[in-house]
Structures are given as C-alpha cells and as structure tokens.
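Structure record follows, encoded as structure tokens.
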Amino acid sequence: MAALKEMTVVTSGKLRTPAYELLDAETNLLAWKEGGRTPAELFDSWLAQADALYSIGNIKINEELLAKAPKLKVIAQASVGYDNIDVAACHARGIKVGNTPHVLAPAVADLAYGLIIDSARKIARGWQHVATGKWGERKGLGFGVDLAGKTLGIVGMGDIGSKVVKRALASDMRVIYHNRHRRVDDAALGAEYATFDELLKTADFILVTVPLTQETQGMFGSAQFAAMKDGVRFINIARGKIVDTEALYEALASKKVAYAALDVTDPEPLPGTHKLLTLDNVTVTPHIATSTVETRDAMAKLAAENILAALSGKPMPAEVKG
Ligand code: DGY
C-alpha cells in the first residue's frame, strides 16, 4: 500500500477547517477553496487521480462519476444522508462509503423541535406579521395550539428521533413512533410503538426522520394525508422526496393539515415562486438542520477521519455497509 502522503484526496466543494487541516497534513489533498462546487472540468481531472473523494453532498455519485475515478478507494460524505450516492455501485467496485451519523443528532433534533414548536405557535409567521407592519392585526395571524397533552408521532426512531423524544417530553407531549424495527429501549425512552396506520390516525403532530430510500420515497401522499387527524401538524427534517409535494399542498390548502414546517422540500432548493409558499400555513427553512458551527465542524472531522482510516486499511469510524 502506498504511503498515506502519496494518496490523493479530492473534494467536491470547500472543506471546513478541521477536515482541511487533517487531510492536508496526512495526504496529497486537492481541495476546492472557493464557495460552491468544484468546477466540473477541474473536478473530472482530479477524479482521474483520486484515491479518496470527500463529498459535501452536492454531487450525484453514480456509475458515470465512478467511471471517471478508476483509482478511487473511499468516498466520505459529510452528511448522514447518502441518497445521492449509488452505494451498490461503489461497493461493486470495492469503494468504501462513509457518512457522518451521531455527531449531528443533537443539532438536527433541536431544529426538529423548533419546527414542531413553530408549527404549533407560528413563530415564523408572527415575525413575518410584525416585519410587514401588521402587529395590530392579530386576527390575521390566528391562535396556535398547545404542545402539552398532544401526541407527537415520530416516523423513524433512530438517533435523531430519540433525541426529539426527550425534547417533546419536556413539553409534556405523549410520544408514539413508527420504525421498521420496534426499539427494545422504547419504554425507557418514553415513546410507544405504533403501526404506521395507527400513527397516522392518532398523532396531532407528525415528524418525519426516516432516510430517503426506494421504500420511503413518496411515503407521504394523498392517502396518508387523508388518513391523518383533521388539523394535524406535519414536520419534515429528513428528505423532501419522502413527501409528495402536490399532495401536501392540497392537504394544506384544504386545512386537513393545519400547518407544515419543513426543513427539506421537493424540489430543493424550493423556488421562491413555488405554490407551497403562497400558503399561510407553512414554514420552510433551507435545509439547515445540521448548520451549526460545532456540528458542521464535527461532521467535517468525522468525514476526514473516515478517509484516513480507509486509506490506512483501518476500520472506518462510520462506514455505510448496506
Ligand atoms: C444530512 O446530514 O443528511 C443533512 O440532511 C445534511 O444534508
């Protein structure tokens, strides 16, 4: 195996300092230093020599890209989601894939909780009201609802979901969840297992935290919104494509869904002219669940550590196996 310093690591965009420093000290790093993506032509020339690719999730990693990178041994993405990566195609070529779970869970849980509160109390709408000079017209804003005594249904009870449970319990909510596998520690967590159908029927607030896969794409469509309680509040911090945007729009327009708070959308970015934004019962944030200094630094460090481990023939701290 070549010495680490002879291994070339390339990046699809700008690295955060903890990743830059680690990789620059240990490897032959070709890093894009401006904002946005590494320009296509330059990136292709880098891929031709790359032993490792550091992805910031802003590219599709498919057969077409892999064919340009014949020496590639590892791809480390600085995100927990990896729906932009054809993992099977990587594994077929013997390329390892890493992601950054766990380190981001508290920040994402905080944003999820914030959006749950926003969907109940219209914080963003309230600010918009004031900023547009309508403080005196409270009628236009309307009342929110309490969290206490309401049922939160979490779809996908992993690291992030379990952290949201703690926050929701602090607001005196009851928490139910649906997961592919029932968690053995659910009683200790304070959450009750429900089938997907039961959760849809019972929850006052529904939070989506499942990863985007073939199974979860379009998991929330018109049938699922119809099965929900009237006046349900719907929060998505996972991936936009898990939800049929048209069906959500209809459910919001008819007020079947009283409010939606979304950190992710389909399409993404959501154009400013999108009809979802014409509704008065939706808050959209621009996919910022992990966007804190500490969390992005921790994700960058973990992604760099994934690369260094794989290139040294050691177990990666966070490898995508499936
Ligand atoms: C993640 O880590 O998957 C976040 O959604 C950022 O893309």
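Just so we're on the same page: first chain in the structure tokens is A, next is B, and so on; residues restart at 1 for each chain, and ligands are numbered from 1 in the order they show up.
Those residues that approach Leu302 of chain A to within 9 Å, counting only C-alpha atoms, are A:Ala19, A:Ala76, A:Ala78, A:Asn99, A:Thr100, A:Val103, A:Pro317, A:Ala318; same-chain residues fewer than 6 positions away are not listed.
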Against ligand 1, which residues of chain A fall within 8 Å? For each one I want the closest pair of atoms and the distance in Å (one decimal), counting only C-alpha atoms and all ligand atoms, rows by chain and increasing residue number, as a tab-separated table.
residue	atom	partner	partner_atom_place_in_ligand_line	distance
A:Gly57	CA	ligand 1	7 (O)	6.6
A:Ala78	CA	ligand 1	2 (O)	6.7
A:Ser79	CA	ligand 1	2 (O)	3.2
A:Val80	CA	ligand 1	2 (O)	3.8
A:Gly81	CA	ligand 1	3 (O)	3.5
A:Tyr82	CA	ligand 1	3 (O)	6.7
A:Thr100	CA	ligand 1	2 (O)	6.9
A:Pro101	CA	ligand 1	2 (O)	7.4
A:Leu104	CA	ligand 1	2 (O)	7.1
A:Ile237	CA	ligand 1	5 (O)	7.5
A:Ala238	CA	ligand 1	5 (O)	6.4
A:Arg239	CA	ligand 1	5 (O)	7.1
A:His287	CA	ligand 1	5 (O)	6.7
A:Ile288	CA	ligand 1	6 (C)	7.4
A:Ala289	CA	ligand 1	4 (C)	6.6
A:Thr290	CA	ligand 1	6 (C)	5.9
Could you write out that same residue set with C-alpha atoms as an mmCIF file, in the first residue's frame?
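Now in again-v3.cif:
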data_model
loop_
_atom_site.group_PDB
_atom_site.id
_atom_site.type_symbol
_atom_site.label_atom_id
_atom_site.label_comp_id
_atom_site.auth_asym_id
_atom_site.auth_seq_id
_atom_site.Cartn_x
_atom_site.Cartn_y
_atom_site.Cartn_z
ATOM 1 C CA GLY A 57 -23.309 16.025 -0.705
ATOM 2 C CA ALA A 78 -20.115 14.971 5.278
ATOM 3 C CA SER A 79 -23.779 14.144 5.927
ATOM 4 C CA VAL A 80 -25.802 11.376 7.476
ATOM 5 C CA GLY A 81 -27.995 11.011 4.373
ATOM 6 C CA TYR A 82 -26.380 9.429 1.323
ATOM 7 C CA THR A 100 -21.434 11.215 9.476
ATOM 8 C CA PRO A 101 -24.152 9.882 11.787
ATOM 9 C CA LEU A 104 -25.222 15.744 14.051
ATOM 10 C CA ILE A 237 -36.473 17.303 8.569
ATOM 11 C CA ALA A 238 -35.454 14.213 6.572
ATOM 12 C CA ARG A 239 -35.617 14.481 2.786
ATOM 13 C CA HIS A 287 -32.169 22.537 4.808
ATOM 14 C CA ILE A 288 -30.314 23.929 7.821
ATOM 15 C CA ALA A 289 -30.798 21.144 10.370
ATOM 16 C CA THR A 290 -27.056 20.488 10.696
#
Practice problem: Name the residues in contact with His91 of chain A at a cut-off of 10 Å, using only C-alpha atoms, excluding same-chain residues fewer than 5 positions from it; report them as JSON, numbers by chain. | Solution: {"A": [73, 74, 86, 96, 97, 320, 321, 322]}
Take the residues from that selection and write them out as a PDB file, in the first residue's frame, keeping C-alpha atoms.
ATOM      1  CA  LYS A  73     -10.896   3.540  -2.742  1.00  0.00           C
ATOM      2  CA  VAL A  74     -13.167   5.544  -0.490  1.00  0.00           C
ATOM      3  CA  ASP A  86     -25.215   4.759  -5.553  1.00  0.00           C
ATOM      4  CA  LYS A  96     -15.928   2.088   0.668  1.00  0.00           C
ATOM      5  CA  VAL A  97     -18.517   4.706   1.599  1.00  0.00           C
ATOM      6  CA  VAL A 320     -22.112   2.698   5.195  1.00  0.00           C
ATOM      7  CA  LYS A 321     -22.423  -1.063   4.910  1.00  0.00           C
ATOM      8  CA  GLY A 322     -25.782  -1.659   3.210  1.00  0.00           C
TER       9      GLY A 322
END
Exercise. Counting only C-alpha atoms, figure out which residue out of A:Met7, A:Ile123, A:Ala310, A:Ala187 gets nearest to Val284 of chain A.
Key: A:Ile123
DSSP-assigned helix (DSSP H, G or I) members of segment 34-233 of chain A, reported as a PDB file with C-alpha atoms, in the first residue's frame:
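The resulting file, result00.pdb, is shown below:
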ATOM      1  CA  ALA A  40     -16.718  20.333 -13.413  1.00  0.00           C
ATOM      2  CA  GLU A  41     -13.633  20.216 -15.646  1.00  0.00           C
ATOM      3  CA  LEU A  42     -11.208  20.581 -12.774  1.00  0.00           C
ATOM      4  CA  PHE A  43     -13.153  18.052 -10.713  1.00  0.00           C
ATOM      5  CA  ASP A  44     -13.013  15.488 -13.539  1.00  0.00           C
ATOM      6  CA  SER A  45      -9.239  15.927 -13.820  1.00  0.00           C
ATOM      7  CA  TRP A  46      -8.936  15.447 -10.041  1.00  0.00           C
ATOM      8  CA  LEU A  47     -11.156  12.341 -10.110  1.00  0.00           C
ATOM      9  CA  GLU A  63     -21.709   4.976 -12.404  1.00  0.00           C
ATOM     10  CA  GLU A  64     -20.895   7.966 -14.588  1.00  0.00           C
ATOM     11  CA  LEU A  65     -18.811   9.624 -11.863  1.00  0.00           C
ATOM     12  CA  LEU A  66     -17.209   6.377 -10.701  1.00  0.00           C
ATOM     13  CA  ALA A  67     -16.070   5.612 -14.258  1.00  0.00           C
ATOM     14  CA  VAL A  87     -23.771   2.695  -2.704  1.00  0.00           C
ATOM     15  CA  ALA A  88     -24.241  -0.630  -4.525  1.00  0.00           C
ATOM     16  CA  ALA A  89     -22.237   0.671  -7.498  1.00  0.00           C
ATOM     17  CA  CYS A  90     -19.463   1.846  -5.138  1.00  0.00           C
ATOM     18  CA  HIS A  91     -19.343  -1.482  -3.325  1.00  0.00           C
ATOM     19  CA  ALA A  92     -19.309  -3.383  -6.631  1.00  0.00           C
ATOM     20  CA  ALA A 105     -28.126  14.251  16.001  1.00  0.00           C
ATOM     21  CA  PRO A 106     -28.425  16.953  18.722  1.00  0.00           C
ATOM     22  CA  ALA A 107     -28.424  19.821  16.191  1.00  0.00           C
ATOM     23  CA  VAL A 108     -30.993  18.113  13.960  1.00  0.00           C
ATOM     24  CA  ALA A 109     -33.169  17.229  16.967  1.00  0.00           C
ATOM     25  CA  ASP A 110     -33.042  20.879  18.073  1.00  0.00           C
ATOM     26  CA  LEU A 111     -34.211  22.084  14.672  1.00  0.00           C
ATOM     27  CA  ALA A 112     -36.931  19.423  14.562  1.00  0.00           C
ATOM     28  CA  TYR A 113     -38.171  20.527  17.978  1.00  0.00           C
ATOM     29  CA  GLY A 114     -38.005  24.154  16.868  1.00  0.00           C
ATOM     30  CA  LEU A 115     -40.143  23.341  13.830  1.00  0.00           C
ATOM     31  CA  ILE A 116     -42.600  21.370  15.974  1.00  0.00           C
ATOM     32  CA  ILE A 117     -42.986  24.451  18.175  1.00  0.00           C
ATOM     33  CA  ASP A 118     -43.208  26.695  15.128  1.00  0.00           C
ATOM     34  CA  SER A 119     -45.942  24.540  13.616  1.00  0.00           C
ATOM     35  CA  ALA A 120     -47.912  24.925  16.870  1.00  0.00           C
ATOM     36  CA  ARG A 121     -47.183  28.584  17.609  1.00  0.00           C
ATOM     37  CA  ILE A 123     -43.279  31.856  15.290  1.00  0.00           C
ATOM     38  CA  ALA A 124     -42.041  32.480  11.755  1.00  0.00           C
ATOM     39  CA  ARG A 125     -45.491  33.732  10.706  1.00  0.00           C
ATOM     40  CA  GLY A 126     -45.580  36.010  13.747  1.00  0.00           C
ATOM     41  CA  TRP A 127     -42.275  37.534  12.778  1.00  0.00           C
ATOM     42  CA  GLN A 128     -43.484  37.991   9.205  1.00  0.00           C
ATOM     43  CA  HIS A 129     -46.598  39.702  10.555  1.00  0.00           C
ATOM     44  CA  VAL A 130     -44.556  42.156  12.601  1.00  0.00           C
ATOM     45  CA  ALA A 131     -41.938  42.734   9.904  1.00  0.00           C
ATOM     46  CA  ARG A 138     -53.600  39.864  15.347  1.00  0.00           C
ATOM     47  CA  LYS A 139     -56.721  38.431  13.791  1.00  0.00           C
ATOM     48  CA  GLY A 140     -54.823  37.775  10.593  1.00  0.00           C
ATOM     49  CA  ASP A 159     -30.553   8.674  16.913  1.00  0.00           C
ATOM     50  CA  ILE A 160     -32.307  11.893  15.913  1.00  0.00           C
ATOM     51  CA  GLY A 161     -35.812  10.647  16.718  1.00  0.00           C
ATOM     52  CA  SER A 162     -34.803   9.514  20.191  1.00  0.00           C
ATOM     53  CA  LYS A 163     -33.317  12.927  20.924  1.00  0.00           C
ATOM     54  CA  VAL A 164     -36.549  14.593  19.814  1.00  0.00           C
ATOM     55  CA  VAL A 165     -38.449  12.361  22.277  1.00  0.00           C
ATOM     56  CA  LYS A 166     -36.577  13.937  25.208  1.00  0.00           C
ATOM     57  CA  ARG A 167     -37.386  17.424  23.969  1.00  0.00           C
ATOM     58  CA  ALA A 168     -41.055  16.588  23.364  1.00  0.00           C
ATOM     59  CA  LEU A 169     -41.414  15.015  26.814  1.00  0.00           C
ATOM     60  CA  ALA A 170     -40.109  18.282  28.249  1.00  0.00           C
ATOM     61  CA  ASP A 186     -38.702   2.412  23.808  1.00  0.00           C
ATOM     62  CA  ALA A 187     -40.245   2.291  27.290  1.00  0.00           C
ATOM     63  CA  ALA A 188     -37.048   3.742  28.772  1.00  0.00           C
ATOM     64  CA  LEU A 189     -37.061   6.420  26.059  1.00  0.00           C
ATOM     65  CA  PHE A 196     -47.721   3.364  10.569  1.00  0.00           C
ATOM     66  CA  ASP A 197     -51.525   3.420  10.155  1.00  0.00           C
ATOM     67  CA  GLU A 198     -52.115   3.858  13.893  1.00  0.00           C
ATOM     68  CA  LEU A 199     -49.603   6.689  13.992  1.00  0.00           C
ATOM     69  CA  LEU A 200     -51.270   8.476  11.073  1.00  0.00           C
ATOM     70  CA  LYS A 201     -54.683   8.201  12.767  1.00  0.00           C
ATOM     71  CA  THR A 202     -53.540   9.157  16.263  1.00  0.00           C
ATOM     72  CA  SER A 222     -52.718  11.867  -0.578  1.00  0.00           C
ATOM     73  CA  ALA A 223     -53.825   8.567   1.019  1.00  0.00           C
ATOM     74  CA  GLN A 224     -51.562   9.131   4.030  1.00  0.00           C
ATOM     75  CA  PHE A 225     -52.623  12.765   4.466  1.00  0.00           C
ATOM     76  CA  ALA A 226     -56.288  11.677   4.200  1.00  0.00           C
ATOM     77  CA  ALA A 227     -55.714   9.091   6.945  1.00  0.00           C
TER      78      ALA A 227
END
Exercise. For Ala304 of chain A, work out the shell of residues within 7 Å, counting only C-alpha atoms and skipping chain neighbours fewer than 3 positions away, then give it as an MDAnalysis selection string.
Key: chainID A and resid 19 22:23 300:301 307:308
Please produce a file of the residues just selected, as a CSV table (one decimal), in the first residue's frame, where the atoms kept are C-alpha atoms.
chain,number,residue,atom,x,y,z
A,19,ALA,CA,-11.2,18.4,7.7
A,22,LEU,CA,-6.4,16.7,9.0
A,23,LEU,CA,-6.3,15.8,5.3
A,300,ALA,CA,-16.1,17.5,8.7
A,301,LYS,CA,-13.7,15.9,11.1
A,307,ILE,CA,-11.0,8.8,4.6
A,308,LEU,CA,-7.8,8.5,6.7
Practice problem: Once DSSP has gone over the backbone, tell me which residues of segment 99-157 of chain A are in strand (DSSP E), as a ChimeraX atom specification. | Solution: /A:151-155
Practice problem: Quick one: everything within 8 Å of Leu207 of chain A, counting only C-alpha atoms, minus sequence neighbours fewer than 4 positions away in the same chain. Send it as number ranges by chain. | Solution: A: 112, 116, 152-155, 234-237
Could those residues be written to a file, using all heavy atoms, as a PDB file, in the first residue's frame?
ATOM      1  N   ALA A 112     -35.638  20.113  14.651  1.00  0.00           N
ATOM      2  CA  ALA A 112     -36.931  19.423  14.562  1.00  0.00           C
ATOM      3  C   ALA A 112     -37.878  19.932  15.646  1.00  0.00           C
ATOM      4  O   ALA A 112     -39.047  20.245  15.383  1.00  0.00           O
ATOM      5  CB  ALA A 112     -36.721  17.913  14.693  1.00  0.00           C
ATOM      6  N   ILE A 116     -41.364  21.853  15.322  1.00  0.00           N
ATOM      7  CA  ILE A 116     -42.600  21.370  15.974  1.00  0.00           C
ATOM      8  C   ILE A 116     -43.261  22.554  16.698  1.00  0.00           C
ATOM      9  O   ILE A 116     -44.461  22.810  16.570  1.00  0.00           O
ATOM     10  CB  ILE A 116     -42.283  20.220  16.967  1.00  0.00           C
ATOM     11  CG1 ILE A 116     -41.859  18.964  16.205  1.00  0.00           C
ATOM     12  CG2 ILE A 116     -43.484  19.929  17.867  1.00  0.00           C
ATOM     13  CD1 ILE A 116     -41.245  17.875  17.079  1.00  0.00           C
ATOM     14  N   LEU A 152     -47.238  13.418  19.733  1.00  0.00           N
ATOM     15  CA  LEU A 152     -46.263  13.556  18.642  1.00  0.00           C
ATOM     16  C   LEU A 152     -46.008  12.162  18.079  1.00  0.00           C
ATOM     17  O   LEU A 152     -45.675  11.238  18.829  1.00  0.00           O
ATOM     18  CB  LEU A 152     -44.956  14.148  19.187  1.00  0.00           C
ATOM     19  CG  LEU A 152     -43.748  14.100  18.236  1.00  0.00           C
ATOM     20  CD1 LEU A 152     -43.989  14.967  16.997  1.00  0.00           C
ATOM     21  CD2 LEU A 152     -42.471  14.561  18.956  1.00  0.00           C
ATOM     22  N   GLY A 153     -46.135  12.007  16.777  1.00  0.00           N
ATOM     23  CA  GLY A 153     -45.830  10.732  16.126  1.00  0.00           C
ATOM     24  C   GLY A 153     -44.538  10.888  15.342  1.00  0.00           C
ATOM     25  O   GLY A 153     -44.463  11.711  14.417  1.00  0.00           O
ATOM     26  N   ILE A 154     -43.523  10.126  15.728  1.00  0.00           N
ATOM     27  CA  ILE A 154     -42.227  10.230  15.035  1.00  0.00           C
ATOM     28  C   ILE A 154     -42.097   9.034  14.088  1.00  0.00           C
ATOM     29  O   ILE A 154     -42.188   7.880  14.511  1.00  0.00           O
ATOM     30  CB  ILE A 154     -41.062  10.250  16.044  1.00  0.00           C
ATOM     31  CG1 ILE A 154     -41.223  11.426  17.018  1.00  0.00           C
ATOM     32  CG2 ILE A 154     -39.731  10.336  15.308  1.00  0.00           C
ATOM     33  CD1 ILE A 154     -40.096  11.553  18.043  1.00  0.00           C
ATOM     34  N   VAL A 155     -41.892   9.335  12.830  1.00  0.00           N
ATOM     35  CA  VAL A 155     -41.721   8.268  11.838  1.00  0.00           C
ATOM     36  C   VAL A 155     -40.229   8.124  11.584  1.00  0.00           C
ATOM     37  O   VAL A 155     -39.607   8.991  10.969  1.00  0.00           O
ATOM     38  CB  VAL A 155     -42.491   8.606  10.542  1.00  0.00           C
ATOM     39  CG1 VAL A 155     -42.337   7.473   9.525  1.00  0.00           C
ATOM     40  CG2 VAL A 155     -43.960   8.843  10.861  1.00  0.00           C
ATOM     41  N   PHE A 234     -47.529  18.843  10.456  1.00  0.00           N
ATOM     42  CA  PHE A 234     -46.624  17.928   9.752  1.00  0.00           C
ATOM     43  C   PHE A 234     -45.245  18.569   9.632  1.00  0.00           C
ATOM     44  O   PHE A 234     -45.125  19.697   9.140  1.00  0.00           O
ATOM     45  CB  PHE A 234     -47.218  17.644   8.354  1.00  0.00           C
ATOM     46  CG  PHE A 234     -46.449  16.639   7.558  1.00  0.00           C
ATOM     47  CD1 PHE A 234     -46.599  15.279   7.807  1.00  0.00           C
ATOM     48  CD2 PHE A 234     -45.575  17.048   6.564  1.00  0.00           C
ATOM     49  CE1 PHE A 234     -45.886  14.339   7.066  1.00  0.00           C
ATOM     50  CE2 PHE A 234     -44.859  16.119   5.826  1.00  0.00           C
ATOM     51  CZ  PHE A 234     -45.023  14.763   6.078  1.00  0.00           C
ATOM     52  N   ILE A 235     -44.237  17.852  10.101  1.00  0.00           N
ATOM     53  CA  ILE A 235     -42.872  18.407  10.136  1.00  0.00           C
ATOM     54  C   ILE A 235     -41.935  17.431   9.425  1.00  0.00           C
ATOM     55  O   ILE A 235     -41.920  16.238   9.732  1.00  0.00           O
ATOM     56  CB  ILE A 235     -42.409  18.606  11.613  1.00  0.00           C
ATOM     57  CG1 ILE A 235     -43.357  19.566  12.332  1.00  0.00           C
ATOM     58  CG2 ILE A 235     -40.974  19.156  11.680  1.00  0.00           C
ATOM     59  CD1 ILE A 235     -44.409  18.904  13.154  1.00  0.00           C
ATOM     60  N   ASN A 236     -41.143  17.936   8.492  1.00  0.00           N
ATOM     61  CA  ASN A 236     -40.190  17.071   7.777  1.00  0.00           C
ATOM     62  C   ASN A 236     -38.792  17.648   7.882  1.00  0.00           C
ATOM     63  O   ASN A 236     -38.528  18.772   7.435  1.00  0.00           O
ATOM     64  CB  ASN A 236     -40.605  16.940   6.297  1.00  0.00           C
ATOM     65  CG  ASN A 236     -39.746  15.930   5.550  1.00  0.00           C
ATOM     66  OD1 ASN A 236     -38.907  15.232   6.139  1.00  0.00           O
ATOM     67  ND2 ASN A 236     -39.959  15.829   4.249  1.00  0.00           N
ATOM     68  N   ILE A 237     -37.883  16.881   8.500  1.00  0.00           N
ATOM     69  CA  ILE A 237     -36.473  17.303   8.569  1.00  0.00           C
ATOM     70  C   ILE A 237     -35.585  16.253   7.889  1.00  0.00           C
ATOM     71  O   ILE A 237     -34.371  16.283   8.044  1.00  0.00           O
ATOM     72  CB  ILE A 237     -35.994  17.515  10.030  1.00  0.00           C
ATOM     73  CG1 ILE A 237     -36.299  16.311  10.931  1.00  0.00           C
ATOM     74  CG2 ILE A 237     -36.611  18.756  10.633  1.00  0.00           C
ATOM     75  CD1 ILE A 237     -35.246  15.312  11.027  1.00  0.00           C
TER      76      ILE A 237
END
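Near Gly149 of chain A, within 7 Å and counting only C-alpha atoms, sit Asp172, Met173 and Arg174 of chain A, not including residues fewer than 5 positions from it in the same chain.
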Self-check item: Shell around Gly240 of chain A at 12 Å using only C-alpha atoms, local window under 4 positions removed, as a count of residues only
Solution: 32
